[in-house]
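Structure below is work_32.pdb: PDB, C-alpha atoms.
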```pdb
ATOM      1  CA  MET T  17     -35.646  42.544  11.526
ATOM      2  CA  PRO T  18     -33.094  41.394   8.928
ATOM      3  CA  ARG T  19     -34.370  39.179   6.090
ATOM      4  CA  TYR T  20     -32.304  36.274   4.774
ATOM      5  CA  THR T  21     -32.786  33.304   2.461
ATOM      6  CA  THR T  22     -31.207  30.555   4.613
ATOM      7  CA  LEU T  23     -31.829  31.682   8.184
ATOM      8  CA  GLN T  24     -33.586  34.162  10.402
ATOM      9  CA  ILE T  25     -32.585  36.058  13.522
ATOM     10  CA  GLU T  26     -34.630  37.989  16.038
ATOM     11  CA  ALA T  27     -34.712  38.835  19.707
ATOM     12  CA  ASP T  28     -36.440  36.236  21.846
ATOM     13  CA  ALA T  29     -39.977  37.346  22.651
ATOM     14  CA  ARG T  30     -39.625  36.327  26.293
ATOM     15  CA  ASN T  31     -36.138  37.690  26.912
ATOM     16  CA  PRO T  32     -35.058  40.434  24.471
ATOM     17  CA  ARG T  33     -31.448  40.106  25.659
ATOM     18  CA  VAL T  34     -31.299  36.747  23.830
ATOM     19  CA  ALA T  35     -31.075  36.594  20.019
ATOM     20  CA  ARG T  36     -32.378  33.464  18.291
ATOM     21  CA  LEU T  37     -30.491  32.595  15.082
ATOM     22  CA  LEU T  38     -32.438  29.884  13.255
ATOM     23  CA  LEU T  39     -30.882  27.943  10.356
ATOM     24  CA  ASN T  40     -33.950  27.730   8.173
ATOM     25  CA  ARG T  41     -33.722  25.317   5.257
ATOM     26  CA  PRO T  42     -35.595  22.412   6.873
ATOM     27  CA  GLU T  43     -36.448  20.852   3.507
ATOM     28  CA  ARG T  44     -32.675  20.311   3.014
ATOM     29  CA  LEU T  45     -31.857  19.521   6.666
ATOM     30  CA  ASN T  46     -30.535  23.115   6.895
ATOM     31  CA  ALA T  47     -27.691  22.156   4.563
ATOM     32  CA  ILE T  48     -25.120  24.864   3.840
ATOM     33  CA  ASN T  49     -25.378  26.525   0.447
ATOM     34  CA  ASP T  50     -23.337  29.418  -0.954
ATOM     35  CA  GLU T  51     -25.446  31.975   0.935
ATOM     36  CA  THR T  52     -25.412  30.346   4.379
ATOM     37  CA  PRO T  53     -21.914  31.361   5.599
ATOM     38  CA  ARG T  54     -22.371  34.976   4.487
ATOM     39  CA  GLU T  55     -25.786  35.198   6.118
ATOM     40  CA  ILE T  56     -24.476  33.736   9.379
ATOM     41  CA  ARG T  57     -21.875  36.516   9.492
ATOM     42  CA  GLN T  58     -24.483  39.163   8.661
ATOM     43  CA  ALA T  59     -26.845  37.860  11.351
ATOM     44  CA  VAL T  60     -24.045  37.838  13.939
ATOM     45  CA  GLU T  61     -23.134  41.391  12.970
ATOM     46  CA  TRP T  62     -26.764  42.427  13.471
ATOM     47  CA  ALA T  63     -26.690  40.934  16.988
ATOM     48  CA  GLN T  64     -23.263  42.436  17.658
ATOM     49  CA  ASP T  65     -24.534  45.896  16.746
ATOM     50  CA  ASN T  66     -27.720  45.556  18.818
ATOM     51  CA  PRO T  67     -26.947  46.888  22.329
ATOM     52  CA  ASP T  68     -29.910  45.015  23.818
ATOM     53  CA  ILE T  69     -28.529  41.587  22.831
ATOM     54  CA  HIS T  70     -26.246  39.844  25.330
ATOM     55  CA  VAL T  71     -26.186  36.257  24.015
ATOM     56  CA  ILE T  72     -26.999  34.431  20.750
ATOM     57  CA  VAL T  73     -28.655  30.996  20.535
ATOM     58  CA  VAL T  74     -28.027  29.154  17.242
ATOM     59  CA  GLU T  75     -30.479  26.392  16.317
ATOM     60  CA  GLY T  76     -31.915  24.540  13.338
ATOM     61  CA  ALA T  77     -35.436  24.320  11.963
ATOM     62  CA  GLY T  78     -37.096  20.987  11.328
ATOM     63  CA  LYS T  79     -35.497  17.604  11.982
ATOM     64  CA  GLY T  80     -31.992  18.698  12.914
ATOM     65  CA  PHE T  81     -29.369  21.391  13.412
ATOM     66  CA  CYS T  82     -27.457  21.152  10.115
ATOM     67  CA  GLY T  83     -26.611  18.243   7.828
ATOM     68  CA  GLY T  84     -23.453  19.834   6.413
ATOM     69  CA  TYR T  85     -22.744  21.268   2.979
ATOM     70  CA  ASP T  86     -25.477  20.811   0.359
ATOM     71  CA  LEU T  87     -23.249  18.650  -1.839
ATOM     72  CA  ALA T  88     -25.611  16.099  -3.360
ATOM     73  CA  TYR T  89     -26.280  18.145  -6.486
ATOM     74  CA  THR T  90     -22.751  19.409  -7.124
ATOM     75  CA  ALA T  91     -21.143  16.042  -6.345
ATOM     76  CA  GLU T  92     -23.318  14.202  -8.855
ATOM     77  CA  GLN T  93     -23.323  16.750 -11.675
ATOM     78  CA  LYS T  94     -20.568  17.434 -14.187
ATOM     79  CA  ILE T  95     -20.345  21.133 -13.377
ATOM     80  CA  GLU T  96     -17.639  23.532 -12.317
ATOM     81  CA  HIS T  97     -17.823  24.535  -8.660
ATOM     82  CA  PRO T  98     -15.361  26.441  -6.435
ATOM     83  CA  CYS T  99     -15.175  23.477  -4.053
ATOM     84  CA  GLN T 100     -14.491  20.901  -6.794
ATOM     85  CA  GLN T 101     -12.701  22.474  -9.728
ATOM     86  CA  GLU T 102     -12.575  20.151 -12.711
ATOM     87  CA  LYS T 103     -10.501  22.464 -14.893
ATOM     88  CA  TYR T 104      -6.817  21.591 -15.160
ATOM     89  CA  PRO T 105      -4.601  22.494 -13.474
ATOM     90  CA  TRP T 106      -6.456  22.854 -10.205
ATOM     91  CA  ASP T 107      -5.812  26.212  -8.535
ATOM     92  CA  PRO T 108      -5.330  25.478  -4.816
ATOM     93  CA  MET T 109      -5.284  29.154  -3.865
ATOM     94  CA  GLU T 110      -8.657  29.787  -5.517
ATOM     95  CA  ASP T 111     -10.021  26.817  -3.590
ATOM     96  CA  TYR T 112      -8.383  28.058  -0.381
ATOM     97  CA  ALA T 113      -9.808  31.567  -0.763
ATOM     98  CA  PHE T 114     -13.339  30.233  -1.217
ATOM     99  CA  MET T 115     -13.242  27.836   1.732
ATOM    100  CA  LYS T 116     -11.293  30.200   4.010
ATOM    101  CA  ARG T 117     -13.987  32.801   3.528
ATOM    102  CA  ASN T 118     -16.585  30.258   4.654
ATOM    103  CA  THR T 119     -14.450  29.426   7.679
ATOM    104  CA  GLU T 120     -14.131  33.104   8.579
ATOM    105  CA  ASP T 121     -17.904  33.509   8.253
ATOM    106  CA  PHE T 122     -18.536  30.587  10.613
ATOM    107  CA  MET T 123     -15.916  31.963  12.986
ATOM    108  CA  SER T 124     -17.906  35.177  13.342
ATOM    109  CA  LEU T 125     -19.821  33.190  15.971
ATOM    110  CA  TRP T 126     -16.533  32.683  17.859
ATOM    111  CA  ARG T 127     -15.182  36.220  17.357
ATOM    112  CA  CYS T 128     -18.402  38.015  18.269
ATOM    113  CA  SER T 129     -18.033  39.696  21.663
ATOM    114  CA  LYS T 130     -21.355  38.170  22.735
ATOM    115  CA  PRO T 131     -21.483  34.527  23.866
ATOM    116  CA  THR T 132     -22.970  32.072  21.368
ATOM    117  CA  ILE T 133     -24.758  28.838  22.259
ATOM    118  CA  ALA T 134     -25.408  26.013  19.778
ATOM    119  CA  LYS T 135     -28.678  24.237  20.551
ATOM    120  CA  VAL T 136     -28.407  20.894  18.760
ATOM    121  CA  HIS T 137     -31.112  18.387  17.991
ATOM    122  CA  GLY T 138     -30.993  15.787  15.258
ATOM    123  CA  ALA T 139     -27.727  16.004  13.332
ATOM    124  CA  ALA T 140     -24.885  18.530  13.440
ATOM    125  CA  VAL T 141     -22.555  16.786  11.034
ATOM    126  CA  ALA T 142     -19.799  17.607   8.542
ATOM    127  CA  GLY T 143     -19.961  21.373   7.883
ATOM    128  CA  GLY T 144     -22.840  21.563  10.347
ATOM    129  CA  SER T 145     -20.487  20.477  13.109
ATOM    130  CA  ASP T 146     -18.199  23.369  12.121
ATOM    131  CA  ILE T 147     -21.052  25.807  12.775
ATOM    132  CA  ALA T 148     -21.890  24.188  16.110
ATOM    133  CA  LEU T 149     -18.278  24.070  17.292
ATOM    134  CA  CYS T 150     -17.637  27.705  16.359
ATOM    135  CA  CYS T 151     -20.182  28.577  19.030
ATOM    136  CA  ASP T 152     -18.823  29.134  22.530
ATOM    137  CA  LEU T 153     -21.130  26.658  24.253
ATOM    138  CA  LEU T 154     -22.976  23.547  23.143
ATOM    139  CA  VAL T 155     -26.239  22.133  24.486
ATOM    140  CA  MET T 156     -27.351  18.894  22.834
ATOM    141  CA  ALA T 157     -30.219  16.476  22.949
ATOM    142  CA  THR T 158     -28.934  13.138  24.235
ATOM    143  CA  ASN T 159     -30.043  11.479  20.989
ATOM    144  CA  ALA T 160     -28.536  14.183  18.752
ATOM    145  CA  ARG T 161     -25.518  13.342  16.592
ATOM    146  CA  ILE T 162     -22.311  15.224  15.884
ATOM    147  CA  GLY T 163     -19.300  14.279  13.780
ATOM    148  CA  TYR T 164     -17.369  14.886  10.570
ATOM    149  CA  MET T 165     -17.807  11.834   8.362
ATOM    150  CA  PRO T 166     -15.950  13.320   5.331
ATOM    151  CA  THR T 167     -12.638  12.892   7.159
ATOM    152  CA  ARG T 168     -12.816   9.359   5.693
ATOM    153  CA  VAL T 169     -12.589  10.854   2.195
ATOM    154  CA  TRP T 170     -13.309  14.200   0.477
ATOM    155  CA  GLY T 171     -13.026  16.530   3.430
ATOM    156  CA  CYS T 172     -11.071  18.083   6.298
ATOM    157  CA  PRO T 173     -12.860  20.259   8.909
ATOM    158  CA  THR T 174     -11.592  23.718   8.050
ATOM    159  CA  THR T 175     -12.353  25.310  11.431
ATOM    160  CA  ALA T 176      -9.941  22.897  13.183
ATOM    161  CA  MET T 177     -12.211  23.128  16.219
ATOM    162  CA  TRP T 178     -12.226  19.428  17.069
ATOM    163  CA  ALA T 179      -8.690  19.555  18.458
ATOM    164  CA  HIS T 180      -9.342  22.708  20.473
ATOM    165  CA  ARG T 181     -12.649  21.467  21.862
ATOM    166  CA  LEU T 182     -11.694  17.829  22.529
ATOM    167  CA  GLY T 183      -7.919  17.708  22.886
ATOM    168  CA  PRO T 184      -5.578  15.602  20.754
ATOM    169  CA  LEU T 185      -6.601  12.120  21.928
ATOM    170  CA  ARG T 186     -10.324  12.378  21.217
ATOM    171  CA  ALA T 187      -9.847  14.643  18.187
ATOM    172  CA  LYS T 188      -7.591  12.064  16.532
ATOM    173  CA  GLN T 189     -10.179   9.373  17.178
ATOM    174  CA  MET T 190     -12.877  11.456  15.493
ATOM    175  CA  MET T 191     -10.668  12.440  12.553
ATOM    176  CA  PHE T 192      -9.244   8.970  11.963
ATOM    177  CA  THR T 193     -12.649   7.233  12.011
ATOM    178  CA  GLY T 194     -15.141   9.791  10.723
ATOM    179  CA  ASP T 195     -17.445   8.489  13.445
ATOM    180  CA  VAL T 196     -20.514  10.301  14.718
ATOM    181  CA  ILE T 197     -21.195  10.467  18.451
ATOM    182  CA  SER T 198     -24.385  11.110  20.379
ATOM    183  CA  GLY T 199     -25.156  14.153  22.461
ATOM    184  CA  ALA T 200     -24.803  11.994  25.555
ATOM    185  CA  GLN T 201     -21.304  10.910  24.528
ATOM    186  CA  ALA T 202     -20.392  14.475  23.533
ATOM    187  CA  ALA T 203     -21.249  15.633  27.064
ATOM    188  CA  ASP T 204     -19.319  12.725  28.582
ATOM    189  CA  TRP T 205     -16.258  13.717  26.533
ATOM    190  CA  GLY T 206     -16.577  17.392  27.463
ATOM    191  CA  LEU T 207     -17.475  18.461  23.929
ATOM    192  CA  ALA T 208     -20.987  19.540  24.946
ATOM    193  CA  ASN T 209     -21.763  21.530  28.080
ATOM    194  CA  TYR T 210     -25.027  19.674  28.627
ATOM    195  CA  ALA T 211     -26.924  16.778  27.080
ATOM    196  CA  VAL T 212     -30.616  16.527  27.930
ATOM    197  CA  ASP T 213     -33.675  14.707  26.654
ATOM    198  CA  GLU T 214     -34.856  16.297  23.432
ATOM    199  CA  ALA T 215     -38.092  17.366  25.106
ATOM    200  CA  GLU T 216     -36.016  19.391  27.604
ATOM    201  CA  LEU T 217     -33.610  20.911  25.076
ATOM    202  CA  GLU T 218     -35.382  24.242  24.673
ATOM    203  CA  ALA T 219     -35.799  24.775  28.414
ATOM    204  CA  ALA T 220     -32.212  23.759  29.220
ATOM    205  CA  THR T 221     -30.769  26.000  26.510
ATOM    206  CA  MET T 222     -32.821  28.994  27.564
ATOM    207  CA  ARG T 223     -31.932  28.546  31.234
ATOM    208  CA  LEU T 224     -28.286  28.842  30.248
ATOM    209  CA  ALA T 225     -28.953  31.755  27.875
ATOM    210  CA  ASP T 226     -30.994  33.627  30.492
ATOM    211  CA  ARG T 227     -28.293  33.125  33.099
ATOM    212  CA  ILE T 228     -25.668  34.558  30.750
ATOM    213  CA  ALA T 229     -27.957  37.373  29.586
ATOM    214  CA  GLY T 230     -28.011  38.853  33.086
ATOM    215  CA  VAL T 231     -24.275  39.582  32.955
ATOM    216  CA  PRO T 232     -23.181  43.015  31.627
ATOM    217  CA  ARG T 233     -22.098  42.934  27.990
ATOM    218  CA  GLY T 234     -18.658  44.357  28.808
ATOM    219  CA  HIS T 235     -17.923  41.590  31.297
ATOM    220  CA  LEU T 236     -19.021  38.912  28.820
ATOM    221  CA  ALA T 237     -16.794  40.427  26.133
ATOM    222  CA  MET T 238     -13.754  40.497  28.411
ATOM    223  CA  HIS T 239     -14.197  36.897  29.574
ATOM    224  CA  LYS T 240     -14.663  35.693  26.005
ATOM    225  CA  LEU T 241     -11.538  37.527  24.852
ATOM    226  CA  VAL T 242      -9.463  35.917  27.594
ATOM    227  CA  VAL T 243     -10.500  32.377  26.666
ATOM    228  CA  ASN T 244     -10.302  33.038  22.925
ATOM    229  CA  GLN T 245      -6.769  34.370  23.375
ATOM    230  CA  PHE T 246      -5.809  31.093  25.014
ATOM    231  CA  MET T 247      -7.058  29.225  21.923
ATOM    232  CA  LEU T 248      -5.247  31.628  19.593
ATOM    233  CA  ASN T 249      -2.010  31.145  21.532
ATOM    234  CA  ALA T 250      -2.497  27.395  21.116
ATOM    235  CA  GLY T 251      -2.363  27.843  17.335
ATOM    236  CA  LEU T 252      -6.009  27.989  16.281
ATOM    237  CA  GLU T 253      -5.459  30.280  13.290
ATOM    238  CA  GLN T 254      -2.462  28.292  12.041
ATOM    239  CA  GLY T 255      -4.450  25.075  12.377
ATOM    240  CA  GLN T 256      -7.321  26.545  10.384
ATOM    241  CA  MET T 257      -4.976  27.637   7.620
ATOM    242  CA  LEU T 258      -3.500  24.138   7.342
ATOM    243  CA  ALA T 259      -6.898  22.431   7.579
ATOM    244  CA  THR T 260      -8.376  24.627   4.850
ATOM    245  CA  VAL T 261      -5.480  23.853   2.493
ATOM    246  CA  PHE T 262      -5.818  20.150   3.267
ATOM    247  CA  ASP T 263      -9.580  20.288   2.682
ATOM    248  CA  GLY T 264      -8.924  21.320  -0.907
ATOM    249  CA  ILE T 265      -6.354  18.564  -1.327
ATOM    250  CA  THR T 266      -8.764  15.898  -0.064
ATOM    251  CA  ARG T 267     -11.195  16.855  -2.831
ATOM    252  CA  HIS T 268      -8.574  16.747  -5.604
ATOM    253  CA  ASN T 269      -6.201  13.904  -4.705
ATOM    254  CA  PRO T 270      -6.836  10.456  -6.267
ATOM    255  CA  GLU T 271      -9.099   9.375  -3.402
ATOM    256  CA  GLY T 272     -11.151  12.578  -3.551
ATOM    257  CA  LEU T 273     -11.534  12.403  -7.322
ATOM    258  CA  TRP T 274     -12.567   8.743  -7.021
ATOM    259  CA  PHE T 275     -15.315   9.760  -4.574
ATOM    260  CA  ARG T 276     -16.510  12.449  -7.003
ATOM    261  CA  ARG T 277     -16.545  10.067  -9.981
ATOM    262  CA  TYR T 278     -18.317   7.375  -7.953
ATOM    263  CA  ALA T 279     -20.975   9.899  -6.880
ATOM    264  CA  GLN T 280     -21.432  10.910 -10.525
ATOM    265  CA  ALA T 281     -21.746   7.288 -11.620
ATOM    266  CA  GLU T 282     -23.781   5.812  -8.771
ATOM    267  CA  GLY T 283     -25.274   8.816  -6.976
ATOM    268  CA  PHE T 284     -24.153  10.796  -3.957
ATOM    269  CA  LYS T 285     -26.116   8.606  -1.551
ATOM    270  CA  ALA T 286     -24.270   5.502  -2.727
ATOM    271  CA  ALA T 287     -20.914   7.269  -2.423
ATOM    272  CA  VAL T 288     -21.725   8.372   1.137
ATOM    273  CA  GLN T 289     -22.867   4.860   2.058
ATOM    274  CA  TRP T 290     -19.506   3.463   0.884
ATOM    275  CA  ARG T 291     -17.607   6.214   2.722
ATOM    276  CA  ASP T 292     -19.385   5.677   6.023
ATOM    277  CA  SER T 293     -19.619   1.875   5.924
ATOM    278  CA  GLY T 294     -16.011   1.212   6.954
ATOM    279  CA  ARG T 295     -15.367  -0.470   3.618
ATOM    280  CA  ALA T 296     -11.860   0.230   2.324
ATOM    281  CA  ILE T 297     -11.735   3.325   0.114
ATOM    282  CA  PRO T 298      -9.690   3.003  -3.109
ATOM    283  CA  GLU T 299      -6.454   4.938  -2.883
ATOM    284  CA  GLY T 300      -3.391   5.721  -4.954
ATOM    285  CA  ASP T 301      -3.062   3.642  -8.120
ATOM    286  CA  GLU T 302      -6.225   1.683  -7.340
ATOM    287  CA  ALA T 303      -8.171   4.947  -7.154
ATOM    288  CA  ARG T 304      -6.600   6.149 -10.414
ATOM    289  CA  ALA T 305      -7.566   2.912 -12.155
ATOM    290  CA  GLU T 306     -11.149   3.198 -10.895
ATOM    291  CA  ILE T 307     -11.317   6.826 -12.037
ATOM    292  CA  ALA T 308     -10.117   5.844 -15.518
ATOM    293  CA  ARG T 309     -12.660   2.993 -15.678
ATOM    294  CA  MET T 310     -15.573   5.211 -14.633
ATOM    295  CA  GLU T 311     -14.550   8.019 -16.991
ATOM    296  CA  ALA T 312     -14.276   5.538 -19.872
ATOM    297  CA  ALA T 313     -17.728   4.155 -19.044
ATOM    298  CA  THR T 314     -19.126   7.674 -19.054
ATOM    299  CA  ARG T 315     -17.597   8.392 -22.466
ATOM    300  CA  GLU T 316     -18.994   5.167 -23.906
ATOM    301  CA  ALA T 317     -22.414   6.057 -22.587
ATOM    302  CA  GLY T 318     -22.154   9.467 -24.218
ATOM    303  CA  GLY T 319     -22.126  11.341 -20.873
TER
END
```
Taking this structure as input, can you express it in the form of structure tokens?
Amino acid sequence: MPRYTTLQIEADARNPRVARLLLNRPERLNAINDETPREIRQAVEWAQDNPDIHVIVVEGAGKGFCGGYDLAYTAEQKIEHPCQQEKYPWDPMEDYAFMKRNTEDFMSLWRCSKPTIAKVHGAAVAGGSDIALCCDLLVMATNARIGYMPTRVWGCPTTAMWAHRLGPLRAKQMMFTGDVISGAQAADWGLANYAVDEAELEAATMRLADRIAGVPRGHLAMHKLVVNQFMLNAGLEQGQMLATVFDGITRHNPEGLWFRRYAQAEGFKAAVQWRDSGRAIPEGDEARAEIARMEAATREAGG
């Protein structure tokens, strides 16, 4: 079996037609690091090339599915990082290339000819929701949570899957608020196929996987291509291009730089608490003034 640093994949012991892809950084809530997107693509390619596999179940180890990008360290530290370039001038195409590659890696779950099912417990938030929504189907615990909180500041979901999975009305609500919804609400909105008690999540997911696994691989591939083509005709790739460019802008405009400086000064947890509280986020000239104040305080402190 393939060996990775952030995940593992193997055929299910009970039904070898089902591959189990486990995000496996439970000590960090399976947060996405630089290796995660590449390893997701490699694991999907392993399943794609395995003629015995008919369907892939994606799940998370420990307390939840995936808590998003592992940003706490890079947001707080004064270091150069492809997602938050401090050098001047900022190179938007370098930023775009880095994040677009991550998007393409996540989208391997969508492009794979074999159906993919996200099995979500705990949280699938921020970048973790991108992984879940790149899967074809979604089974959630009723008490699980999904959303993209960084739409409030410092982020834009690069996969653009919210609009294609929810439609414009609900997608705008999620993007405008940065709210997180439960598995029960996700099923009510049609975002999740099923929402079940957490104790029943494994059984419900595997019933669906087993049902799909009995279908010939060629038939599954054809049906997936038909539906995927519908999404492509609706502008999925163009939306992803725009969203990935905008994601870089949100991290480098005055509001994004304010969030970065506040995280450096007060800690990432404090910055996230402000972002998610509903409290007004400094913008424009107010953000610039706050950035200047925090940078001056850092200089005076010798930081």
Nearest to T:Thr314, chosen from T:Gln280, T:Gln254, T:Thr193, T:Ser124, with all atoms listed in the file counted in the distances: T:Gln280
Each stretch 106-225 of chain T residue no farther than 8 Å from stretch 288-296 of chain T, nearest pair in Å, all atoms listed in the file, as JSON lines:
```
{"residue": "T:Met165", "atom": "CA", "partner": "T:Asp292", "partner_atom": "CA", "distance": 6.8}
{"residue": "T:Pro166", "atom": "CA", "partner": "T:Arg291", "partner_atom": "CA", "distance": 7.7}
{"residue": "T:Arg168", "atom": "CA", "partner": "T:Arg291", "partner_atom": "CA", "distance": 6.5}
{"residue": "T:Val169", "atom": "CA", "partner": "T:Arg291", "partner_atom": "CA", "distance": 6.9}
{"residue": "T:Gly194", "atom": "CA", "partner": "T:Asp292", "partner_atom": "CA", "distance": 7.6}
```
Go through stretch 130-224 of chain T and flag each residue having an atom no more than 10 Å from stretch 24-39 of chain T; for those, report the closest pair of atoms plus their distance in Å to one decimal, using only C-alpha atoms, ordered by chain and rising number, as CSV.
```
residue,atom,partner,partner_atom,distance
T:Thr132,CA,T:Ala35,CA,9.4
T:Ile133,CA,T:Arg36,CA,9.8
T:Ala134,CA,T:Leu37,CA,9.6
T:Lys135,CA,T:Leu38,CA,10.0
T:Met222,CA,T:Val34,CA,8.7
```
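In this structure, atom CA of T:Pro270 sits 5.7 Å away from atom CA of T:Ala303.
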What are the closest atom pairs, with distances in Å to one decimal, for all residues of stretch 22-134 of chain T lying within 12 Å of stretch 237-252 of chain T? Consider all atoms listed in the file, order rows by chain and residue number, and present the result as CSV.
```
residue,atom,partner,partner_atom,distance
T:Gln64,CA,T:Ala237,CA,10.8
T:His70,CA,T:Ala237,CA,9.5
T:Val71,CA,T:Ala237,CA,10.5
T:Met123,CA,T:Leu252,CA,11.2
T:Leu125,CA,T:Lys240,CA,11.6
T:Trp126,CA,T:Asn244,CA,8.0
T:Arg127,CA,T:Asn244,CA,8.1
T:Cys128,CA,T:Ala237,CA,8.4
T:Ser129,CA,T:Ala237,CA,4.7
T:Lys130,CA,T:Ala237,CA,6.1
T:Pro131,CA,T:Lys240,CA,7.2
T:Thr132,CA,T:Lys240,CA,10.2
```
Nearest residue to T:Ile228 from the set T:Leu153, T:Ala148, T:Ala286, T:Ala142 (distances using all atoms listed in the file): T:Leu153
Using the chain letters and residue numbers of this document, give as an mmCIF file with C-alpha atoms, keeping the file's coordinate frame the residues selected by the PyMOL selection byres ((chain T and resi 149) around 9).
```
data_model
loop_
_atom_site.group_PDB
_atom_site.id
_atom_site.type_symbol
_atom_site.label_atom_id
_atom_site.label_comp_id
_atom_site.auth_asym_id
_atom_site.auth_seq_id
_atom_site.Cartn_x
_atom_site.Cartn_y
_atom_site.Cartn_z
ATOM 1 C CA TRP T 126 -16.533 32.683 17.859
ATOM 2 C CA ALA T 134 -25.408 26.013 19.778
ATOM 3 C CA GLY T 144 -22.840 21.563 10.347
ATOM 4 C CA SER T 145 -20.487 20.477 13.109
ATOM 5 C CA ASP T 146 -18.199 23.369 12.121
ATOM 6 C CA ILE T 147 -21.052 25.807 12.775
ATOM 7 C CA ALA T 148 -21.890 24.188 16.110
ATOM 8 C CA CYS T 150 -17.637 27.705 16.359
ATOM 9 C CA CYS T 151 -20.182 28.577 19.030
ATOM 10 C CA ASP T 152 -18.823 29.134 22.530
ATOM 11 C CA LEU T 153 -21.130 26.658 24.253
ATOM 12 C CA LEU T 154 -22.976 23.547 23.143
ATOM 13 C CA THR T 175 -12.353 25.310 11.431
ATOM 14 C CA MET T 177 -12.211 23.128 16.219
ATOM 15 C CA TRP T 178 -12.226 19.428 17.069
ATOM 16 C CA ARG T 181 -12.649 21.467 21.862
ATOM 17 C CA LEU T 207 -17.475 18.461 23.929
#
```
Close residues, T:Leu273 itself excluded, 10 Å, only C-alpha atoms, min 5 positions apart in chain, as JSON, numbers by chain: {"T": [100, 102, 169, 170, 266, 267, 268, 278, 279, 303, 304, 306, 307]}
Top pick for closest residue to T:Glu75, considering T:Leu217, T:Cys172, T:Ala113, T:Ala179 and counting only C-alpha atoms: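 Ranking T:Leu217, T:Cys172, T:Ala113, T:Ala179 by distance to T:Glu75, first place goes to T:Leu217.
The residue set within 12 Å of T:Ala187, counting all atoms listed in the file and dropping same-chain residues fewer than 2 places from it, reads Gly163, Tyr164, Thr167, Pro173, Ala176, Met177, Trp178, Ala179, His180, Arg181, Leu182, Gly183, Pro184, Leu185, Gln189, Met190, Met191, Phe192, Thr193, Gly194, Asp195, Ala202, Trp205, Gly206 and Leu207 of chain T.
Interatomic distance, atom CA of T:Leu258 to atom CA of T:Phe114: 14.4 Å.
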Box for stretch 233-250 of chain T: with edges along x, y and z, all listed atoms inside and 3 Å added on each side, what are the centre and edge lengths in Å to one decimal, as JSON?
```
{"center_x": -12.1, "center_y": 35.9, "center_z": 25.4, "size_x": 26.1, "size_y": 23.0, "size_z": 17.7}
```
Resolved residues for the PyMOL selection byres ((chain T and resi 52) around 10) as a PyMOL selection string: chain T and resi 20-23+39-41+46-51+53-58+85+118+121-122
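Taking atom CA of T:Cys82 and atom CA of T:Arg161 as the two end points, the separation is 10.3 Å.
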Residues matched by the PyMOL selection byres ((chain T and resi 115) around 10) as a PyMOL selection string: chain T and resi 98-99+109-114+116-121+174+260-261+263-264
T:Leu45 surroundings by only C-alpha atoms, 7 Å radius, close-in-sequence under 5 positions cut, as an MDAnalysis selection string: chainID T and resid 79:80 82:83
Given only C-alpha atoms as the counted atoms, nearest of T:Ile69, T:Ala312, T:Ala208, T:Ile297 to T:Met156: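 Ranking T:Ile69, T:Ala312, T:Ala208, T:Ile297 by distance to T:Met156, first place goes to T:Ala208.
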Proximity to T:Gly78 - best of T:Gly283, T:Gly138, T:Gly171, T:Gly300, all atoms listed in the file: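 Closest residue, counting all atoms listed in the file: T:Gly138.
For the choices T:Ala305, T:Ala77, T:Val155, T:Ile265, the atom-to-atom distance to T:Ala220 is smallest for T:Val155 when using only C-alpha atoms.
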